[in-house]
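Participant: Dropping a structure here in structure tokens format, bear with me for questions.
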Amino acid sequence: MKNYLLITLLLVSSISFSQSMRKLKKSAKNDAEVFTQATIQRDYNLILKHSHPKIVNAFGKDEMISSMEDTYRTMSAQKISILESEIEEVSDIQEENNEYRSLIKTTTLMDYNGRKVTLKSSLFGFYDQENEIWYFIESNKLLNDTDTQSLFPNFKTAISIPADEQIAEDS
């Protein structure tokens, strides 16, 4: 009887854990879709809401908005626009360093002055359990950007971060 009860408890907790991970994965996808659409629509407040707080705190909201405005102004001057962005895949949720993390692969179609370019990249997601929200960083910045790396010293993850890839369409 004890063994039966123990097996039942283990099974129930396993099912509950599995459902929790599915919910987290779904919320990662939903929040990533909000974040990518905010980027297309130039909704600075939504971008900031889903940007990792370490980045927002380090650079400040006003400075980040100013930087985004400059970036979009430069894009407009160079006739560069984001046409669409899709979430391609959300990795399995990993619990690392006392937080949930995930990699979200994206495909973004851009117009570079009449030339279509597809960018395959990814976001690295960090889940804030208290506020029930995912925060994102462009994953390549965790590998290649000294400013970002200084905010996340000794950052380690078991999640494989792929390199960004640009694919130009034939004219």
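Following the order of the structure tokens, first chain is A, next is B, and so on, with residues numbered from 1 inside each chain and ligands from 1 in the order they appear.
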Could you pull out the strand (DSSP E or B) residues of region 120-157 of chain A from DSSP and send them as number ranges by chain?
Facilitator: A: 120-128, 133-138
Participant: Those same residues, written as a compact mmCIF listing (two decimals), in the first residue's frame with C-alpha atoms?
Facilitator:
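Writing done, so here's out_26.txt:
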```
# COMPACT_ATOMS: atom_id res chain seq x y z
CA LYS A 120 17.39 34.10 -38.43
CA SER A 121 18.25 34.98 -34.87
CA SER A 122 17.17 34.24 -31.34
CA LEU A 123 16.11 35.80 -28.09
CA PHE A 124 17.27 34.52 -24.74
CA GLY A 125 14.40 34.55 -22.27
CA PHE A 126 14.51 34.88 -18.50
CA TYR A 127 11.30 34.25 -16.56
CA ASP A 128 10.37 36.49 -13.63
CA ILE A 133 6.66 37.83 -17.31
CA TRP A 134 9.46 36.84 -19.66
CA TYR A 135 12.33 39.27 -20.23
CA PHE A 136 14.46 39.03 -23.34
CA ILE A 137 17.92 39.77 -24.61
CA GLU A 138 19.17 39.27 -28.15
```
Participant: Give me the residues near region 62-74 of chain A as a PyMOL selection string, where near means some atom within 9 Å (using only C-alpha atoms) and where sequence neighbours in that chain fewer than 6 positions away do not count.
Facilitator: chain A and resi 42+44-45+48+56+80-81
Participant: Using only C-alpha atoms, pick whichever of A:Ser102, A:Gln94, A:Gln166, A:Asn131 has the shortest atom-to-atom distance to Ala28 (chain A).
Facilitator: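 Result for the nearest residue to Ala28 (chain A): A:Ser102.
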Participant: I'd like the neighbourhood of Leu46 (chain A) as a ChimeraX atom specification, where a residue qualifies if any of its atoms comes within 10 Å (using only C-alpha atoms), though same-chain residues fewer than 3 positions away should be ignored.
Facilitator: /A:34-39,41-43,49-51
Participant: To one decimal in Å, tell me the separation between CA of Leu24 (chain A) and CA of Tyr100 (chain A).
Facilitator: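 Computing the Euclidean distance for CA of Leu24 (chain A) and CA of Tyr100 (chain A) yields 8.6 Å.
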Participant: So which one's closest to Lys156 (chain A), A:Leu103, A:Ile82, A:Ala168, A:Leu143? Using only C-alpha atoms, please.
Facilitator: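 That would be A:Leu143, the residue with the smallest distance to Lys156 (chain A).
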Participant: Can you tell me, as number ranges by chain, which residues in region 40-160 of chain A count as helix (DSSP H, G or I) by DSSP?
Facilitator: A: 40-41, 44-49, 53-59, 61-77, 139-144, 146-151
Participant: Any idea what the distance is between CA of Leu119 (chain A) and CA of Glu165 (chain A)?
Facilitator: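 Computed distance, CA of Leu119 (chain A) to CA of Glu165 (chain A), equals 5.8 Å.
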Participant: So that I can see what lies close to Glu89 (chain A), please list as JSON, numbers by chain the residues with an atom at most 8 Å from it, counting only C-alpha atoms and leaving out residues fewer than 2 positions away in the same chain.
Facilitator: {"A": [87, 91, 104, 105, 106]}
Participant: Can you write just those residues out, C-alpha atoms, as a compact mmCIF listing (two decimals), in the first residue's frame?
Facilitator:
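That gives us part-v5.txt:
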```
# COMPACT_ATOMS: atom_id res chain seq x y z
CA ILE A 87 8.58 32.93 -33.58
CA SER A 91 13.33 25.64 -26.60
CA ILE A 104 13.33 31.62 -28.70
CA LYS A 105 14.31 31.29 -32.37
CA THR A 106 12.94 34.00 -34.65
```
Participant: Between CA of Thr148 (chain A) and CA of Ala32 (chain A), what is the distance in Å, rounded to a tenth?
Facilitator: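 If I compute the distance from CA of Thr148 (chain A) to CA of Ala32 (chain A), I get 19.4 Å.
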Participant: For a quick check of understanding, using only C-alpha atoms, which of A:Lys54, A:Lys29, A:Lys116, A:Lys141 has the smallest distance to Val90 (chain A)?
Facilitator: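 When distances to Val90 (chain A) are compared using only C-alpha atoms, the smallest one comes from A:Lys29.
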Participant: With only C-alpha atoms as the atoms that count, which of A:Asp111, A:Glu96, A:Glu33, A:Glu84 lies nearest to Glu169 (chain A)?
Facilitator: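 Comparing A:Asp111, A:Glu96, A:Glu33, A:Glu84 against Glu169 (chain A), the winner is A:Asp111.
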